file structure.cif (mmCIF, C-alpha atoms)
data_entry
#
loop_
_atom_site.label_atom_id
_atom_site.label_comp_id
_atom_site.auth_asym_id
_atom_site.auth_seq_id
_atom_site.Cartn_x
_atom_site.Cartn_y
_atom_site.Cartn_z
CA MET D 15 5.97 2.45 11.20
CA ARG D 16 3.33 3.15 8.60
CA ARG D 17 3.10 6.74 7.40
CA LYS D 18 0.17 8.74 8.76
CA SER D 19 0.60 11.68 6.36
CA TYR D 20 1.20 11.74 2.62
CA PRO D 21 3.38 14.52 1.20
CA ASN D 22 2.25 16.14 -2.03
CA VAL D 23 5.37 16.20 -4.20
CA PHE D 24 3.60 18.17 -6.92
CA LEU D 25 2.78 20.85 -4.35
CA GLU D 26 6.42 20.90 -3.22
CA CYS D 27 7.41 21.45 -6.86
CA GLY D 28 5.24 24.53 -7.22
CA TYR D 29 1.91 23.27 -8.57
CA GLY D 30 -1.34 24.41 -6.96
CA GLU D 31 -3.62 22.16 -4.91
CA ASP D 32 -6.64 22.80 -7.13
CA GLU D 33 -4.79 22.12 -10.37
CA ILE D 34 -3.32 18.92 -8.93
CA ARG D 35 -6.76 17.66 -7.94
CA ARG D 36 -8.17 18.61 -11.34
CA ARG D 37 -5.30 16.78 -13.06
CA ILE D 38 -5.96 13.56 -11.12
CA ASP D 39 -9.73 13.75 -11.62
CA SER D 40 -9.34 14.50 -15.33
CA ALA D 41 -7.00 11.56 -15.87
CA PHE D 42 -9.44 9.19 -14.16
CA GLN D 43 -12.32 10.53 -16.24
CA THR D 44 -10.31 10.13 -19.46
CA MET D 45 -9.19 6.57 -18.69
CA PHE D 46 -12.63 5.41 -17.59
CA TYR D 47 -15.06 7.53 -19.62
CA GLY D 48 -13.05 9.22 -22.35
CA SER D 49 -13.31 8.77 -26.10
CA LYS D 50 -12.78 5.45 -27.87
CA GLY D 51 -9.09 6.22 -28.34
CA GLU D 52 -8.61 7.28 -24.71
CA ARG D 53 -10.58 5.02 -22.38
CA ILE D 54 -9.53 1.59 -21.16
CA TYR D 55 -12.61 0.86 -19.01
CA HIS D 56 -15.86 -0.51 -20.43
CA PRO D 57 -19.12 -1.09 -18.53
CA ALA D 58 -20.63 -4.52 -19.22
CA GLY D 59 -24.35 -4.96 -18.67
CA THR D 60 -25.98 -3.41 -15.63
CA ASP D 61 -23.46 -4.34 -12.94
CA MET D 62 -20.09 -5.32 -14.41
CA GLY D 63 -17.19 -3.72 -16.24
CA TYR D 64 -13.74 -4.57 -17.52
CA VAL D 65 -10.43 -2.93 -18.37
CA GLU D 66 -8.94 -3.75 -21.77
CA ASP D 67 -5.27 -4.17 -22.51
CA THR D 68 -5.55 -2.08 -25.66
CA GLY D 69 -2.26 -3.34 -27.04
CA ASN D 70 -3.19 -7.02 -26.83
CA HIS D 71 -7.00 -6.66 -26.95
CA ASP D 72 -7.65 -8.81 -23.90
CA VAL D 73 -8.57 -8.43 -20.24
CA ARG D 74 -5.79 -9.18 -17.74
CA THR D 75 -5.74 -9.64 -13.98
CA GLU D 76 -2.99 -7.03 -13.99
CA GLY D 77 -5.28 -4.36 -15.42
CA MET D 78 -8.40 -5.41 -13.53
CA SER D 79 -6.63 -5.37 -10.17
CA TYR D 80 -4.86 -2.11 -11.03
CA ALA D 81 -8.20 -0.52 -11.87
CA MET D 82 -9.66 -1.69 -8.57
CA MET D 83 -6.79 -0.01 -6.76
CA MET D 84 -7.40 3.18 -8.76
CA CYS D 85 -11.09 3.09 -7.87
CA VAL D 86 -10.64 2.55 -4.15
CA GLN D 87 -8.07 5.36 -4.02
CA MET D 88 -10.53 7.62 -5.89
CA ASP D 89 -13.54 6.55 -3.77
CA ARG D 90 -15.34 5.14 -6.84
CA LYS D 91 -17.26 2.20 -5.37
CA GLU D 92 -19.58 1.58 -8.32
CA GLU D 93 -16.73 1.05 -10.80
CA PHE D 94 -14.80 -0.99 -8.22
CA ASP D 95 -17.72 -3.35 -7.69
CA ARG D 96 -18.38 -3.70 -11.41
CA ILE D 97 -14.75 -4.65 -12.10
CA TRP D 98 -14.62 -7.03 -9.17
CA LYS D 99 -17.84 -8.79 -10.22
CA TRP D 100 -16.52 -9.22 -13.79
CA SER D 101 -13.29 -10.64 -12.37
CA LYS D 102 -15.10 -13.11 -10.13
CA THR D 103 -17.58 -14.05 -12.86
CA TYR D 104 -15.16 -14.68 -15.71
CA MET D 105 -11.59 -14.82 -14.41
CA TYR D 106 -11.94 -16.73 -11.15
CA MET D 107 -11.25 -20.46 -11.35
CA ASP D 108 -13.29 -22.69 -9.03
CA LYS D 109 -12.10 -26.06 -10.30
CA GLY D 110 -8.92 -27.74 -11.45
CA GLU D 111 -5.43 -27.36 -10.07
CA ASN D 112 -5.65 -23.56 -10.17
CA ALA D 113 -8.93 -23.33 -8.26
CA GLY D 114 -8.83 -20.27 -6.02
CA TYR D 115 -6.77 -18.26 -8.51
CA PHE D 116 -7.76 -16.01 -11.41
CA ALA D 117 -7.07 -16.70 -15.10
CA TRP D 118 -4.53 -14.08 -16.09
CA SER D 119 -6.06 -13.36 -19.53
CA CYS D 120 -9.59 -13.41 -20.92
CA LYS D 121 -11.27 -12.18 -24.06
CA THR D 122 -13.43 -9.10 -23.65
CA ASP D 123 -16.52 -11.36 -23.72
CA GLY D 124 -15.19 -13.20 -20.67
CA THR D 125 -13.90 -16.33 -22.40
CA LYS D 126 -10.68 -17.48 -20.77
CA ASN D 127 -7.55 -17.28 -22.93
CA SER D 128 -5.60 -19.13 -20.27
CA TRP D 129 -6.30 -21.30 -17.25
CA GLY D 130 -3.12 -20.14 -15.55
CA PRO D 131 -2.73 -17.28 -13.05
CA ALA D 132 -0.22 -14.42 -12.75
CA PRO D 133 0.78 -13.57 -9.17
CA ASP D 134 0.86 -9.80 -9.63
CA GLY D 135 -2.89 -9.85 -10.23
CA GLU D 136 -3.62 -11.73 -7.03
CA GLU D 137 -1.55 -9.41 -4.84
CA TYR D 138 -3.24 -6.30 -6.25
CA PHE D 139 -6.69 -7.89 -5.97
CA ALA D 140 -6.04 -8.66 -2.30
CA MET D 141 -4.66 -5.24 -1.44
CA SER D 142 -7.43 -3.31 -3.17
CA LEU D 143 -10.07 -5.51 -1.48
CA PHE D 144 -8.62 -4.84 1.96
CA PHE D 145 -8.65 -1.10 1.25
CA ALA D 146 -12.25 -1.36 0.01
CA SER D 147 -13.25 -3.14 3.22
CA HIS D 148 -11.70 -0.42 5.34
CA ARG D 149 -13.00 2.48 3.25
CA TRP D 150 -16.54 1.30 2.47
CA GLY D 151 -17.22 -1.61 4.79
CA ASP D 152 -17.87 -5.25 3.93
CA GLY D 153 -21.00 -6.29 2.08
CA GLU D 154 -22.41 -9.72 1.35
CA GLY D 155 -21.19 -12.53 -0.90
CA ILE D 156 -18.34 -11.50 -3.16
CA PHE D 157 -18.62 -7.97 -1.74
CA CYS D 158 -17.48 -9.13 1.67
CA TYR D 159 -14.19 -7.59 0.63
CA SER D 160 -12.01 -8.57 3.58
CA LYS D 161 -12.95 -12.25 3.37
CA GLU D 162 -12.31 -12.29 -0.37
CA ALA D 163 -8.86 -10.75 0.20
CA LYS D 164 -7.98 -13.23 2.93
CA ASP D 165 -9.10 -16.17 0.81
CA ILE D 166 -6.96 -15.02 -2.12
CA LEU D 167 -3.90 -14.79 0.12
CA ARG D 168 -4.65 -18.19 1.63
CA SER D 169 -4.63 -19.72 -1.86
CA CYS D 170 -1.39 -17.92 -2.70
CA LEU D 171 0.40 -19.65 0.18
CA HIS D 172 -1.41 -22.93 0.74
CA LYS D 173 -2.05 -24.28 -2.76
CA GLY D 174 -0.28 -27.58 -3.21
CA GLU D 175 -0.67 -28.80 0.35
CA LYS D 176 -3.02 -31.42 -1.03
CA LYS D 177 -2.02 -33.66 -3.93
CA GLY D 178 -3.21 -32.31 -7.29
CA ASP D 179 -4.09 -28.96 -5.74
CA GLY D 180 -1.70 -26.84 -7.82
CA LYS D 181 1.17 -24.78 -6.49
CA PRO D 182 1.61 -21.68 -4.34
CA MET D 183 2.50 -18.27 -5.78
CA TRP D 184 5.33 -17.72 -3.32
CA ASN D 185 8.43 -19.83 -2.84
CA LEU D 186 7.79 -20.99 0.71
CA ASP D 187 11.49 -21.58 1.37
CA ASN D 188 12.81 -18.11 0.52
CA TYR D 189 9.56 -16.08 0.92
CA LEU D 190 9.84 -14.61 -2.59
CA ILE D 191 7.03 -14.27 -5.11
CA LYS D 192 7.29 -16.39 -8.27
CA PHE D 193 6.85 -15.17 -11.83
CA ILE D 194 4.24 -17.91 -12.31
CA THR D 195 3.31 -20.75 -9.99
CA ASP D 196 5.27 -23.36 -11.94
CA CYS D 197 8.73 -21.78 -12.07
CA ALA D 198 11.82 -21.24 -9.95
CA PHE D 199 12.48 -17.55 -10.68
CA THR D 200 10.78 -14.22 -10.14
CA ASP D 201 9.93 -10.82 -11.61
CA PRO D 202 11.44 -7.93 -9.61
CA SER D 203 8.44 -5.72 -10.39
CA TYR D 204 6.14 -8.21 -8.63
CA HIS D 205 7.85 -7.52 -5.28
CA LEU D 206 5.59 -5.30 -3.17
CA PRO D 207 6.93 -5.32 0.40
CA HIS D 208 4.64 -2.42 1.30
CA PHE D 209 1.67 -4.67 0.51
CA TYR D 210 3.12 -7.59 2.46
CA GLU D 211 3.53 -5.42 5.56
CA LEU D 212 -0.21 -4.80 5.45
CA PHE D 213 -1.02 -8.42 4.63
CA SER D 214 0.85 -9.31 7.83
CA LEU D 215 -1.75 -7.27 9.73
CA TRP D 216 -4.92 -8.24 7.92
CA SER D 217 -4.56 -11.78 6.47
CA TYR D 218 -5.70 -14.91 8.28
CA GLU D 219 -3.86 -15.22 11.58
CA GLU D 220 -1.87 -18.30 10.56
CA ASP D 221 -0.36 -16.48 7.56
CA ARG D 222 0.72 -13.24 9.20
CA LYS D 223 4.24 -14.28 10.15
CA PHE D 224 4.87 -15.38 6.57
CA TRP D 225 3.87 -12.00 5.17
CA LYS D 226 6.02 -10.13 7.65
CA LYS D 227 8.99 -12.24 6.63
CA ALA D 228 8.09 -11.83 2.94
CA ALA D 229 8.26 -8.04 3.29
CA LYS D 230 11.74 -8.29 4.76
CA GLU D 231 12.99 -10.77 2.17
CA SER D 232 11.56 -8.83 -0.79
CA ARG D 233 13.37 -5.70 0.33
CA LYS D 234 16.59 -7.68 0.55
CA TYR D 235 15.91 -9.21 -2.86
CA LEU D 236 15.35 -5.85 -4.56
CA LYS D 237 18.81 -4.77 -3.42
CA LYS D 238 20.20 -7.76 -5.30
CA ALA D 239 18.09 -7.27 -8.43
CA CYS D 240 18.72 -3.53 -8.96
CA HIS D 241 22.11 -2.67 -10.42
CA PRO D 242 24.13 -0.70 -7.85
CA ALA D 243 25.28 1.93 -10.35
CA THR D 244 22.23 2.43 -12.59
CA GLY D 245 19.28 1.28 -10.48
CA LEU D 246 18.03 -0.79 -13.43
CA CYS D 247 16.78 -4.38 -13.11
CA GLY D 248 15.73 -7.13 -15.48
CA GLU D 249 12.16 -8.02 -16.33
CA TYR D 250 12.76 -11.51 -14.95
CA ALA D 251 15.48 -12.54 -12.53
CA ASP D 252 16.73 -15.51 -10.57
CA TYR D 253 16.43 -15.56 -6.80
CA ASP D 254 19.97 -14.21 -6.50
CA GLY D 255 18.91 -11.15 -8.54
CA THR D 256 20.66 -12.17 -11.79
CA PRO D 257 18.59 -11.14 -14.86
CA ARG D 258 17.32 -14.04 -16.93
CA ASN D 259 15.24 -14.91 -19.96
CA TRP D 260 12.19 -17.16 -19.92
CA MET D 261 14.42 -20.17 -20.35
CA PRO D 262 18.24 -20.20 -20.67
CA ASP D 263 18.18 -20.86 -24.44
CA SER D 264 15.14 -18.70 -25.20
CA LYS D 265 15.31 -15.98 -27.85
CA ASP D 266 12.47 -14.18 -26.05
CA ARG D 267 14.51 -11.74 -23.97
CA HIS D 268 13.59 -10.60 -20.47
CA ASP D 269 17.05 -9.96 -19.03
CA TRP D 270 16.94 -6.26 -19.85
CA TYR D 271 15.27 -3.13 -18.49
CA TYR D 272 12.04 -3.38 -20.42
CA SER D 273 8.28 -3.06 -19.86
CA ASP D 274 7.70 -5.08 -16.66
CA ALA D 275 10.86 -3.73 -15.07
CA TYR D 276 9.76 -0.08 -15.14
CA ARG D 277 7.37 -0.75 -12.27
CA THR D 278 10.15 -1.74 -9.90
CA ILE D 279 11.41 1.74 -9.06
CA ALA D 280 7.83 2.98 -8.67
CA ASN D 281 7.19 0.21 -6.15
CA ILE D 282 10.37 1.07 -4.28
CA GLY D 283 9.21 4.68 -4.12
CA LEU D 284 5.79 3.74 -2.76
CA ASP D 285 7.30 1.38 -0.18
CA HIS D 286 9.52 4.23 0.97
CA LEU D 287 6.52 6.57 1.16
CA TRP D 288 4.45 4.17 3.24
CA PHE D 289 7.14 2.62 5.45
CA SER D 290 10.51 4.45 5.05
CA THR D 291 12.50 1.37 6.07
CA ASP D 292 16.12 2.37 5.31
CA ASP D 293 18.42 4.62 3.25
CA TRP D 294 18.73 2.29 0.27
CA ALA D 295 15.54 3.42 -1.49
CA PRO D 296 16.66 7.07 -1.77
CA GLU D 297 20.08 5.95 -3.00
CA ILE D 298 18.79 3.65 -5.74
CA ALA D 299 16.09 6.12 -6.81
CA ASP D 300 18.74 8.83 -7.17
CA LYS D 301 20.91 6.51 -9.26
CA LEU D 302 18.12 5.56 -11.64
CA GLN D 303 17.07 9.17 -12.16
CA CYS D 304 20.70 10.13 -12.67
CA PHE D 305 21.15 7.37 -15.25
CA PHE D 306 18.21 8.52 -17.36
CA SER D 307 19.06 12.21 -17.02
CA GLU D 308 22.74 11.86 -17.88
CA ARG D 309 23.08 8.72 -20.03
CA GLY D 310 19.72 7.26 -20.87
CA ASP D 311 16.80 7.92 -23.16
CA VAL D 312 13.21 6.87 -22.45
CA ASN D 313 13.02 5.51 -25.99
CA GLY D 314 15.96 3.18 -25.45
CA VAL D 315 16.29 -0.36 -24.12
CA TYR D 316 19.16 -1.15 -21.74
CA LEU D 317 20.93 -3.98 -20.06
CA ILE D 318 20.94 -3.38 -16.32
CA ASP D 319 24.54 -2.07 -16.38
CA GLY D 320 23.36 0.72 -18.70
CA THR D 321 24.56 -0.75 -22.01
CA ARG D 322 22.13 0.24 -24.75
CA VAL D 323 20.63 -2.61 -26.78
CA GLU D 324 20.94 -1.57 -30.41
CA GLY D 325 18.03 -1.93 -32.82
CA VAL D 326 15.34 -2.04 -30.10
CA THR D 327 13.17 0.77 -28.74
CA SER D 328 11.00 0.92 -25.66
CA LEU D 329 7.38 -0.03 -26.11
CA HIS D 330 6.17 2.19 -23.28
CA PRO D 331 8.21 5.42 -22.99
CA ILE D 332 5.43 7.23 -21.12
CA ALA D 333 5.59 4.51 -18.46
CA ILE D 334 9.30 5.21 -18.02
CA ILE D 335 8.64 8.92 -17.49
CA ALA D 336 5.89 8.14 -14.99
CA THR D 337 7.88 5.64 -12.95
CA ASN D 338 11.03 7.79 -13.01
CA ALA D 339 8.88 10.56 -11.56
CA GLN D 340 7.37 8.25 -8.95
CA ALA D 341 10.93 7.46 -7.87
CA SER D 342 10.90 11.02 -6.49
CA LEU D 343 8.87 9.68 -3.55
CA ALA D 344 12.21 8.34 -2.33
CA SER D 345 14.80 10.37 -4.24
CA ASN D 346 16.53 13.36 -2.72
CA GLY D 347 18.88 13.79 -5.67
CA LYS D 348 19.47 16.66 -8.06
CA TYR D 349 17.09 15.24 -10.69
CA LYS D 350 14.11 14.70 -8.37
CA ARG D 351 12.25 17.81 -9.46
CA GLU D 352 13.31 17.49 -13.09
CA TRP D 353 11.44 14.18 -13.41
CA VAL D 354 8.39 15.49 -11.58
CA HIS D 355 8.19 18.47 -13.96
CA ARG D 356 8.79 16.29 -17.00
CA PHE D 357 6.00 13.96 -15.93
CA TRP D 358 3.62 16.84 -15.21
CA ASN D 359 4.22 18.16 -18.72
CA THR D 360 3.62 14.73 -20.32
CA PRO D 361 0.02 13.95 -21.33
CA LEU D 362 -1.71 10.59 -21.08
CA ARG D 363 -0.86 8.32 -23.97
CA LYS D 364 -3.36 7.77 -26.77
CA GLY D 365 -3.58 4.92 -29.27
CA ASN D 366 -3.34 1.16 -29.06
CA ARG D 367 -0.55 0.99 -26.50
CA ARG D 368 -2.09 3.41 -24.02
CA TYR D 369 -3.24 0.82 -21.44
CA TYR D 370 0.05 -0.02 -19.72
CA ASP D 371 1.55 3.46 -19.93
CA ASN D 372 -1.56 5.12 -18.55
CA CYS D 373 -2.01 2.68 -15.68
CA LEU D 374 1.49 3.51 -14.45
CA TYR D 375 0.87 7.17 -15.26
CA PHE D 376 -2.21 7.26 -13.05
CA PHE D 377 -0.49 5.53 -10.14
CA ALA D 378 2.29 8.13 -10.37
CA LEU D 379 -0.28 10.95 -10.37
CA LEU D 380 -1.90 9.54 -7.24
CA ALA D 381 1.39 8.95 -5.43
CA LEU D 382 3.03 12.28 -6.27
CA GLY D 383 -0.20 14.11 -5.48
CA GLY D 384 -0.40 12.63 -1.99
CA CYS D 385 -3.42 10.52 -2.88
CA TYR D 386 -2.06 6.93 -2.95
CA ARG D 387 -2.91 6.02 0.60
CA VAL D 388 -3.27 3.16 3.03
CA TYR D 389 -6.89 2.58 4.04
#

call {"tool": "encode", "arguments": {"input": "structure.cif", "output": "structure tokens"}}
result
Amino acid sequence: MRRKSYPNVFLECGYGEDEIRRRIDSAFQTMFYGSKGERIYHPAGTDMGYVEDTGNHDVRTEGMSYAMMMCVQMDRKEEFDRIWKWSKTYMYMDKGENAGYFAWSCKTDGTKNSWGPAPDGEEYFAMSLFFASHRWGDGEGIFCYSKEAKDILRSCLHKGEKKGDGKPMWNLDNYLIKFITDCAFTDPSYHLPHFYELFSLWSYEEDRKFWKKAAKESRKYLKKACHPATGLCGEYADYDGTPRNWMPDSKDRHDWYYSDAYRTIANIGLDHLWFSTDDWAPEIADKLQCFFSERGDVNGVYLIDGTRVEGVTSLHPIAIIATNAQASLASNGKYKREWVHRFWNTPLRKGNRRYYDNCLYFFALLALGGCYRVY
């Protein structure tokens, strides 16, 4: 059953309600309206806005959909609508084989860098739109949030049913999300069973059984992808959970615990918070926190068995601290409070690489503060 109350882990660890609320509000204000070296959000014209990946100087469906989720959780409708209109205006594709999807990367002026989609953007777009519909009510056109969410999910499953119509974002045989539409492997951090449970309630009727099954299969998959001793997973992985690179002979590595992979334990924590399905989430969260407290270093890069990769450092150490702390939504281990305190005492990141770290940072703030909720 879905959770009807949301524990405040910060409060449990001794922080005051007022200071927790101030911390969340301040982080939002900094990320959206802070100085040039702090903000990631930029208003565009009178009714649009975008979020910049400050490390790559582009606009990604990842960041735009993340920001929409932040805004609906914070009850910031104006910013939500601005970001959504920018996404629909510049990122949405209404022709070609990817019609119905969003271009994963654009320049800050709206020019598409790619005509291909990334499934993590679509699933966050859909979820944030459903929440917006339930929190604020549906409007007209693109602001009929629930219809927009349902249409996105329909494309995700039904693309390719007609010749030349592209491909779906989920493998329809095993119910698992793909890394991109044209591949036969996945990204463990894309697996959001807590979203799929809700999609199974709110999507078009004909798709609801699929989403219910997808939630079940993603939970089973995560148990394969996360190492049983360390809790670590690869950035990319085959459907049996084995870490993999982009292609077998590629020098571009993704078989290690690196940037994308940090999100996985945070997602497991949030799934446990919302649905509390079994005892595995607390076990794996404990193991990951134990690994980093006893053997690991947030500046290091590791194979999933815990072997350190020499000569490489993490690009987003603040993200590791944030997601290790968010694991405390599930963890009952001896390092649960240690990671919450370490996160609380870690400021938002500044500089060119702040975008990814601070997105995960803000989600952790919301979740640990009892403010990442189902609407």

call {"tool": "resolve_selection", "arguments": {"input": "structure.cif", "expression": "the PyMOL selection byres ((chain D and resi 112-114) around 9)", "output": "list in words"}}
result
Tyr106, Met107, Asp108, Lys109, Gly110, Glu111, Tyr115, Phe116, Ala117, Trp129, Gly130, Pro131, Asp165, Ile166, Arg168, Ser169, Cys170, Lys173, Asp179, Gly180 and Lys181 of chain D

call {"tool": "closest_residue", "arguments": {"input": "structure.cif", "among": "D:Arg96, D:Lys234, D:Lys192, D:Arg74", "to": "Ser128 in chain D", "atoms": "all atoms listed in the file"}}
result
D:Arg74

call {"tool": "resolve_selection", "arguments": {"input": "structure.cif", "expression": "the PyMOL selection byres ((chain D and resi 198) around 10)", "output": "PyMOL selection string"}}
result
chain D and resi 184-185+191-197+199-200+251-253

call {"tool": "write_last_selection", "arguments": {"input": "structure.cif", "atoms": "C-alpha atoms", "output": "short mmCIF file (atom, residue, chain, number, x, y, z; two decimals), in the frame of the given file"}}
result
data_model
loop_
_atom_site.label_atom_id
_atom_site.label_comp_id
_atom_site.auth_asym_id
_atom_site.auth_seq_id
_atom_site.Cartn_x
_atom_site.Cartn_y
_atom_site.Cartn_z
CA TRP D 184 5.33 -17.72 -3.32
CA ASN D 185 8.43 -19.83 -2.84
CA ILE D 191 7.03 -14.27 -5.11
CA LYS D 192 7.29 -16.39 -8.27
CA PHE D 193 6.85 -15.17 -11.83
CA ILE D 194 4.24 -17.91 -12.31
CA THR D 195 3.31 -20.75 -9.99
CA ASP D 196 5.27 -23.36 -11.94
CA CYS D 197 8.73 -21.78 -12.07
CA PHE D 199 12.48 -17.55 -10.68
CA THR D 200 10.78 -14.22 -10.14
CA ALA D 251 15.48 -12.54 -12.53
CA ASP D 252 16.73 -15.51 -10.57
CA TYR D 253 16.43 -15.56 -6.80
#

call {"tool": "resolve_selection", "arguments": {"input": "structure.cif", "expression": "the PyMOL selection byres ((chain D and resi 244) around 8)", "output": "JSON, numbers by chain"}}
result
{"D": [240, 241, 242, 243, 245, 246, 298, 301, 302, 304, 305, 318, 319, 320]}

call {"tool": "residues_around", "arguments": {"input": "structure.cif", "residues": "Phe357 in chain D", "least_positions_apart": "3", "cutoff": "9 Å", "atoms": "all atoms listed in the file", "output": "PDB file with C-alpha atoms, in the coordinates of the input"}}
result
ATOM      1  CA  ILE D 332       5.430   7.230 -21.120  1.00  0.00           C
ATOM      2  CA  ILE D 335       8.640   8.920 -17.490  1.00  0.00           C
ATOM      3  CA  ALA D 336       5.890   8.140 -14.990  1.00  0.00           C
ATOM      4  CA  ASN D 338      11.030   7.790 -13.010  1.00  0.00           C
ATOM      5  CA  ALA D 339       8.880  10.560 -11.560  1.00  0.00           C
ATOM      6  CA  GLU D 352      13.310  17.490 -13.090  1.00  0.00           C
ATOM      7  CA  TRP D 353      11.440  14.180 -13.410  1.00  0.00           C
ATOM      8  CA  VAL D 354       8.390  15.490 -11.580  1.00  0.00           C
ATOM      9  CA  THR D 360       3.620  14.730 -20.320  1.00  0.00           C
ATOM     10  CA  PRO D 361       0.020  13.950 -21.330  1.00  0.00           C
ATOM     11  CA  TYR D 375       0.870   7.170 -15.260  1.00  0.00           C
ATOM     12  CA  ALA D 378       2.290   8.130 -10.370  1.00  0.00           C
ATOM     13  CA  LEU D 379      -0.280  10.950 -10.370  1.00  0.00           C
TER      14      LEU D 379
END

call {"tool": "residues_around", "arguments": {"input": "structure.cif", "residues": "Arg35 in chain D", "least_positions_apart": "3", "cutoff": "12 Å", "atoms": "only C-alpha atoms", "output": "JSON list (two decimals) with C-alpha atoms, in the coordinates of the input"}}
result
[["chain", "number", "residue", "atom", "x", "y", "z"],
["D", 22, "ASN", "CA", 2.25, 16.14, -2.03],
["D", 24, "PHE", "CA", 3.60, 18.17, -6.92],
["D", 25, "LEU", "CA", 2.78, 20.85, -4.35],
["D", 29, "TYR", "CA", 1.91, 23.27, -8.57],
["D", 30, "GLY", "CA", -1.34, 24.41, -6.96],
["D", 31, "GLU", "CA", -3.62, 22.16, -4.91],
["D", 32, "ASP", "CA", -6.64, 22.80, -7.13],
["D", 38, "ILE", "CA", -5.96, 13.56, -11.12],
["D", 39, "ASP", "CA", -9.73, 13.75, -11.62],
["D", 40, "SER", "CA", -9.34, 14.50, -15.33],
["D", 41, "ALA", "CA", -7.00, 11.56, -15.87],
["D", 42, "PHE", "CA", -9.44, 9.19, -14.16],
["D", 88, "MET", "CA", -10.53, 7.62, -5.89],
["D", 379, "LEU", "CA", -0.28, 10.95, -10.37],
["D", 380, "LEU", "CA", -1.90, 9.54, -7.24],
["D", 382, "LEU", "CA", 3.03, 12.28, -6.27],
["D", 383, "GLY", "CA", -0.20, 14.11, -5.48],
["D", 384, "GLY", "CA", -0.40, 12.63, -1.99],
["D", 385, "CYS", "CA", -3.42, 10.52, -2.88]]

call {"tool": "residues_around", "arguments": {"input": "structure.cif", "residues": "range 138-155 of chain D", "least_positions_apart": "3", "cutoff": "6 Å", "atoms": "only C-alpha atoms", "output": "ChimeraX atom specification"}}
result
/D:79,83,86,135,158-160,163,389

call {"tool": "closest_residue", "arguments": {"input": "structure.cif", "among": "D:Thr68, D:Thr278, D:Ser217, D:Asn259", "to": "Tyr204 in chain D", "atoms": "all atoms listed in the file"}}
result
D:Thr278

call {"tool": "atom_distance", "arguments": {"input": "structure.cif", "atom1": "CA of Glu231 in chain D", "atom2": "CA of Tyr189 in chain D"}}
result
6.4 Å

call {"tool": "atom_distance", "arguments": {"input": "structure.cif", "atom1": "CA of Glu137 in chain D", "atom2": "CA of Ala333 in chain D"}}
result
20.7 Å

call {"tool": "atom_distance", "arguments": {"input": "structure.cif", "atom1": "CA of Asp95 in chain D", "atom2": "CA of Lys364 in chain D"}}
result
26.3 Å

call {"tool": "closest_residue", "arguments": {"input": "structure.cif", "among": "D:Lys230, D:Arg222, D:Arg356, D:Arg367", "to": "Gln303 in chain D", "atoms": "only C-alpha atoms"}}
result
D:Arg356

call {"tool": "closest_residue", "arguments": {"input": "structure.cif", "among": "D:Glu211, D:Glu308, D:Asp67, D:Asp293", "to": "Ala344 in chain D", "atoms": "only C-alpha atoms"}}
result
D:Asp293

call {"tool": "residues_around", "arguments": {"input": "structure.cif", "residues": "Phe209 in chain D", "least_positions_apart": "3", "cutoff": "9 Å", "atoms": "all atoms listed in the file", "output": "list in words"}}
result
Glu137, Tyr138, Met141, His205, Leu206, Leu212, Phe213, Ser214, Trp225, Ala229 and Asp285 of chain D

call {"tool": "build_atoms", "arguments": {"input": "structure.cif", "residues": "range 315-324 of chain D", "atoms": "N, CA and C atoms", "output": "PDB file, in the frame of the given file"}}
result
ATOM      1  N   VAL D 315      16.353   0.876 -24.904  1.00  0.00           N
ATOM      2  CA  VAL D 315      16.290  -0.360 -24.120  1.00  0.00           C
ATOM      3  C   VAL D 315      17.703  -0.650 -23.637  1.00  0.00           C
ATOM      4  N   TYR D 316      17.843  -1.033 -22.356  1.00  0.00           N
ATOM      5  CA  TYR D 316      19.160  -1.150 -21.740  1.00  0.00           C
ATOM      6  C   TYR D 316      19.329  -2.454 -20.986  1.00  0.00           C
ATOM      7  N   LEU D 317      20.553  -2.972 -21.021  1.00  0.00           N
ATOM      8  CA  LEU D 317      20.930  -3.980 -20.060  1.00  0.00           C
ATOM      9  C   LEU D 317      21.045  -3.290 -18.699  1.00  0.00           C
ATOM     10  N   ILE D 318      21.040  -4.047 -17.615  1.00  0.00           N
ATOM     11  CA  ILE D 318      20.940  -3.380 -16.320  1.00  0.00           C
ATOM     12  C   ILE D 318      22.207  -2.593 -15.960  1.00  0.00           C
ATOM     13  N   ASP D 319      23.332  -2.865 -16.643  1.00  0.00           N
ATOM     14  CA  ASP D 319      24.540  -2.070 -16.380  1.00  0.00           C
ATOM     15  C   ASP D 319      24.543  -0.763 -17.167  1.00  0.00           C
ATOM     16  N   GLY D 320      23.474  -0.517 -17.941  1.00  0.00           N
ATOM     17  CA  GLY D 320      23.360   0.720 -18.700  1.00  0.00           C
ATOM     18  C   GLY D 320      23.752   0.609 -20.159  1.00  0.00           C
ATOM     19  N   THR D 321      24.213  -0.550 -20.601  1.00  0.00           N
ATOM     20  CA  THR D 321      24.560  -0.750 -22.010  1.00  0.00           C
ATOM     21  C   THR D 321      23.295  -0.698 -22.862  1.00  0.00           C
ATOM     22  N   ARG D 322      23.312   0.140 -23.889  1.00  0.00           N
ATOM     23  CA  ARG D 322      22.130   0.240 -24.750  1.00  0.00           C
ATOM     24  C   ARG D 322      22.066  -0.950 -25.697  1.00  0.00           C
ATOM     25  N   VAL D 323      20.864  -1.504 -25.851  1.00  0.00           N
ATOM     26  CA  VAL D 323      20.630  -2.610 -26.780  1.00  0.00           C
ATOM     27  C   VAL D 323      20.277  -1.992 -28.132  1.00  0.00           C
ATOM     28  N   GLU D 324      21.137  -2.192 -29.098  1.00  0.00           N
ATOM     29  CA  GLU D 324      20.940  -1.570 -30.410  1.00  0.00           C
ATOM     30  C   GLU D 324      19.792  -2.232 -31.171  1.00  0.00           C
TER      31      GLU D 324
END
